[in-house]
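K.L.:
First, the structure itself, so that you have it in front of you.
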Amino acid sequence: MITVAKVYKHIKSRLFSMLFKCFCRGGLYGSIKFHGSAIMHGLPFIKNLGIISIGSGFRCNSGNNYNPIGGDTICRLVVYKRGSLNIANDVGISNSTIVCMNSIIIEDKVLVGGSCRIWDTDFHSQDAQIRTSGKDNDVKTAPIIIRKNAFIGGGSTILKGVEIGENSIVAAGSIVSKNIPPNEIWGGNPAKLIRPIPIK
């Protein structure tokens with residue numbers, strides 16, 4: 001049954017999508033390449049000094065009214081100079097933060113739950129003198145790849161240098177600091193294998 005509320009929600013989502021694309025193409029958020037449709041519930045925070053590429057079918061929740069499971073924040077895409085964020089087709093992200101100083105690739109049909117954090121950087125030097133000098137330029141980064149059909153449970157953190165395999169699941173609240181093979185469920189801090197996913 002089509003209700004007035006459903007029609008309003010659809011129109012608002014499309015309006016946010018159009019505004020988002022318009023602002024991005026207008027240079028407010030830097031160079032963002034869109035390759036198809038996007039459904040936006042709320043407007044994300046974008047800081048782009050590098051490259052952002054977003055495929056078709058992108059779905060994004062951004063705001064405390066758009067995620068019934070929690071994650072009452074907004075969606076943030078932050079890409080620094082020389083950083084490259086590549087989001088493929090049919091990806092869904094809900095009230096999560098992605099920070100890219102190197103390279104982050106999110107393949108087709110990946111789902112990222114509420115209040116997740118995906119960081120390809122340590123943000124600060126491991127050397128205390130450099131870190132506290134005001135010229136914190138010795139920062140380690142490493143690429144992140146999240147393979148197709150992976151699911152990142154709410155409140156999880158994906159750290160630099162990690163590859164998450166195809167179809168794999170990260171349990172809610174996990175800290176992922178090393179590679180996850182395909183077709184496995186991992187969870188905990190640090191994340192460890194819980195069990196394989198049966199291949200049909």
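Scheme for the structure tokens: letters A, B, ... for chains in order shown; per-chain residue numbers from 1; ligand numbers from 1 in order shown.
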As a PyMOL selection string, which residues of region 49-153 of chain A does DSSP assign to strand (DSSP E or B)?
P.N.:
chain A and resi 51-54+58-61+76-79+84-87+92-94+97-100+103-106+111-112+117-119+121+141+144-146+151-152
K.L.:
Grab the residues selected above and save them as an mmCIF file, in the first residue's frame with N, CA and C atoms.
P.N.:
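Output file result06.cif follows:
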```
data_model
loop_
_atom_site.group_PDB
_atom_site.id
_atom_site.type_symbol
_atom_site.label_atom_id
_atom_site.label_comp_id
_atom_site.auth_asym_id
_atom_site.auth_seq_id
_atom_site.Cartn_x
_atom_site.Cartn_y
_atom_site.Cartn_z
ATOM 1 N N ILE A 51 40.496 11.744 -4.614
ATOM 2 C CA ILE A 51 39.551 11.229 -5.614
ATOM 3 C C ILE A 51 38.504 10.370 -4.918
ATOM 4 N N ILE A 52 37.234 10.635 -5.219
ATOM 5 C CA ILE A 52 36.135 9.769 -4.787
ATOM 6 C C ILE A 52 35.374 9.328 -6.029
ATOM 7 N N SER A 53 35.185 8.021 -6.170
ATOM 8 C CA SER A 53 34.399 7.460 -7.262
ATOM 9 C C SER A 53 33.301 6.588 -6.662
ATOM 10 N N ILE A 54 32.050 6.839 -7.055
ATOM 11 C CA ILE A 54 30.901 6.133 -6.487
ATOM 12 C C ILE A 54 30.093 5.495 -7.609
ATOM 13 N N PHE A 58 24.203 3.417 -5.169
ATOM 14 C CA PHE A 58 24.732 3.784 -3.852
ATOM 15 C C PHE A 58 23.589 4.172 -2.928
ATOM 16 N N ARG A 59 23.615 3.640 -1.676
ATOM 17 C CA ARG A 59 22.599 3.952 -0.682
ATOM 18 C C ARG A 59 23.299 4.436 0.577
ATOM 19 N N CYS A 60 22.813 5.543 1.116
ATOM 20 C CA CYS A 60 23.501 6.156 2.251
ATOM 21 C C CYS A 60 22.499 6.687 3.263
ATOM 22 N N ASN A 61 22.667 6.292 4.527
ATOM 23 C CA ASN A 61 21.952 6.918 5.634
ATOM 24 C C ASN A 61 22.902 7.894 6.318
ATOM 25 N N ARG A 76 30.281 10.144 6.988
ATOM 26 C CA ARG A 76 31.392 11.018 6.624
ATOM 27 C C ARG A 76 32.303 10.300 5.635
ATOM 28 N N LEU A 77 32.644 10.989 4.546
ATOM 29 C CA LEU A 77 33.638 10.507 3.587
ATOM 30 C C LEU A 77 34.746 11.544 3.557
ATOM 31 N N VAL A 78 35.915 11.177 4.090
ATOM 32 C CA VAL A 78 37.031 12.117 4.211
ATOM 33 C C VAL A 78 38.217 11.552 3.442
ATOM 34 N N VAL A 79 38.608 12.240 2.369
ATOM 35 C CA VAL A 79 39.720 11.788 1.534
ATOM 36 C C VAL A 79 40.760 12.898 1.459
ATOM 37 N N SER A 84 42.550 7.918 -2.486
ATOM 38 C CA SER A 84 41.586 7.471 -3.501
ATOM 39 C C SER A 84 40.569 6.537 -2.857
ATOM 40 N N LEU A 85 39.314 6.958 -2.876
ATOM 41 C CA LEU A 85 38.204 6.150 -2.365
ATOM 42 C C LEU A 85 37.349 5.707 -3.534
ATOM 43 N N ASN A 86 37.270 4.388 -3.732
ATOM 44 C CA ASN A 86 36.505 3.826 -4.846
ATOM 45 C C ASN A 86 35.394 2.946 -4.290
ATOM 46 N N ILE A 87 34.158 3.408 -4.417
ATOM 47 C CA ILE A 87 32.974 2.676 -3.961
ATOM 48 C C ILE A 87 32.276 2.123 -5.201
ATOM 49 N N GLY A 92 25.858 -0.084 0.320
ATOM 50 C CA GLY A 92 25.070 0.633 1.317
ATOM 51 C C GLY A 92 25.917 0.990 2.521
ATOM 52 N N ILE A 93 25.867 2.256 2.937
ATOM 53 C CA ILE A 93 26.628 2.742 4.087
ATOM 54 C C ILE A 93 25.686 3.505 4.996
ATOM 55 N N SER A 94 25.724 3.212 6.293
ATOM 56 C CA SER A 94 24.796 3.839 7.228
ATOM 57 C C SER A 94 25.543 4.537 8.359
ATOM 58 N N THR A 97 31.898 6.387 9.112
ATOM 59 C CA THR A 97 32.975 7.300 8.729
ATOM 60 C C THR A 97 34.063 6.544 7.982
ATOM 61 N N ILE A 98 34.419 7.057 6.811
ATOM 62 C CA ILE A 98 35.532 6.527 6.029
ATOM 63 C C ILE A 98 36.586 7.623 5.922
ATOM 64 N N VAL A 99 37.810 7.316 6.356
ATOM 65 C CA VAL A 99 38.920 8.261 6.235
ATOM 66 C C VAL A 99 40.001 7.600 5.387
ATOM 67 N N CYS A 100 40.372 8.281 4.298
ATOM 68 C CA CYS A 100 41.286 7.718 3.308
ATOM 69 C C CYS A 100 42.445 8.666 3.045
ATOM 70 N N SER A 103 44.463 4.444 -0.045
ATOM 71 C CA SER A 103 43.503 3.864 -0.988
ATOM 72 C C SER A 103 42.518 2.979 -0.244
ATOM 73 N N ILE A 104 41.239 3.192 -0.518
ATOM 74 C CA ILE A 104 40.187 2.316 0.002
ATOM 75 C C ILE A 104 39.305 1.907 -1.170
ATOM 76 N N ILE A 105 39.153 0.603 -1.349
ATOM 77 C CA ILE A 105 38.295 0.047 -2.400
ATOM 78 C C ILE A 105 37.193 -0.753 -1.732
ATOM 79 N N ILE A 106 35.953 -0.407 -2.049
ATOM 80 C CA ILE A 106 34.785 -1.128 -1.549
ATOM 81 C C ILE A 106 34.065 -1.698 -2.767
ATOM 82 N N LEU A 111 27.811 -4.057 2.381
ATOM 83 C CA LEU A 111 26.961 -3.321 3.317
ATOM 84 C C LEU A 111 27.788 -2.939 4.548
ATOM 85 N N VAL A 112 27.718 -1.667 4.914
ATOM 86 C CA VAL A 112 28.447 -1.154 6.071
ATOM 87 C C VAL A 112 27.423 -0.651 7.079
ATOM 88 N N ARG A 117 33.709 2.480 11.330
ATOM 89 C CA ARG A 117 34.833 3.346 11.009
ATOM 90 C C ARG A 117 35.791 2.558 10.125
ATOM 91 N N ILE A 118 36.149 3.139 8.985
ATOM 92 C CA ILE A 118 37.082 2.514 8.053
ATOM 93 C C ILE A 118 38.211 3.517 7.837
ATOM 94 N N TRP A 119 39.389 3.211 8.371
ATOM 95 C CA TRP A 119 40.521 4.138 8.357
ATOM 96 C C TRP A 119 41.731 3.458 7.741
ATOM 97 N N THR A 121 44.691 4.804 7.765
ATOM 98 C CA THR A 121 45.783 5.580 8.324
ATOM 99 C C THR A 121 45.827 5.453 9.842
ATOM 100 N N THR A 141 50.299 4.664 6.506
ATOM 101 C CA THR A 141 49.043 4.353 5.829
ATOM 102 C C THR A 141 49.213 3.044 5.065
ATOM 103 N N ILE A 144 43.134 -0.401 1.993
ATOM 104 C CA ILE A 144 42.059 -1.285 2.471
ATOM 105 C C ILE A 144 41.262 -1.753 1.257
ATOM 106 N N ILE A 145 40.939 -3.040 1.231
ATOM 107 C CA ILE A 145 40.045 -3.582 0.203
ATOM 108 C C ILE A 145 38.950 -4.380 0.903
ATOM 109 N N ILE A 146 37.709 -4.053 0.585
ATOM 110 C CA ILE A 146 36.564 -4.825 1.087
ATOM 111 C C ILE A 146 35.905 -5.475 -0.128
ATOM 112 N N PHE A 151 29.883 -7.969 4.557
ATOM 113 C CA PHE A 151 28.994 -7.223 5.460
ATOM 114 C C PHE A 151 29.786 -6.804 6.695
ATOM 115 N N ILE A 152 29.777 -5.503 6.986
ATOM 116 C CA ILE A 152 30.485 -4.965 8.144
ATOM 117 C C ILE A 152 29.445 -4.600 9.194
#
```
K.L.:
Counting only C-alpha atoms, what is within 10 Å of Glu107 (chain A), bar same-chain residues fewer than 6 positions away, as number ranges by chain?
P.N.:
A: 55, 86-91, 145-150, 166
K.L.:
Under the rule that only C-alpha atoms are counted, which of A:Ile39, A:Ile169, A:Ile197, A:Ile158 is the nearest residue to Ala142 (chain A)?
P.N.:
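The closest residue to Ala142 (chain A) is A:Ile158.
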K.L.:
Select from chain A everything DSSP, run on the backbone, classes as alpha helix (DSSP H), then give the selection as a PyMOL selection string.
P.N.:
chain A and resi 4-25+128-131
K.L.:
Write out as a PyMOL selection string which residues come within 6 Å of region 176-186 of chain A when counting only C-alpha atoms, dropping same-chain ones fewer than 5 positions away.
P.N.:
chain A and resi 158-159+162-170+191-197
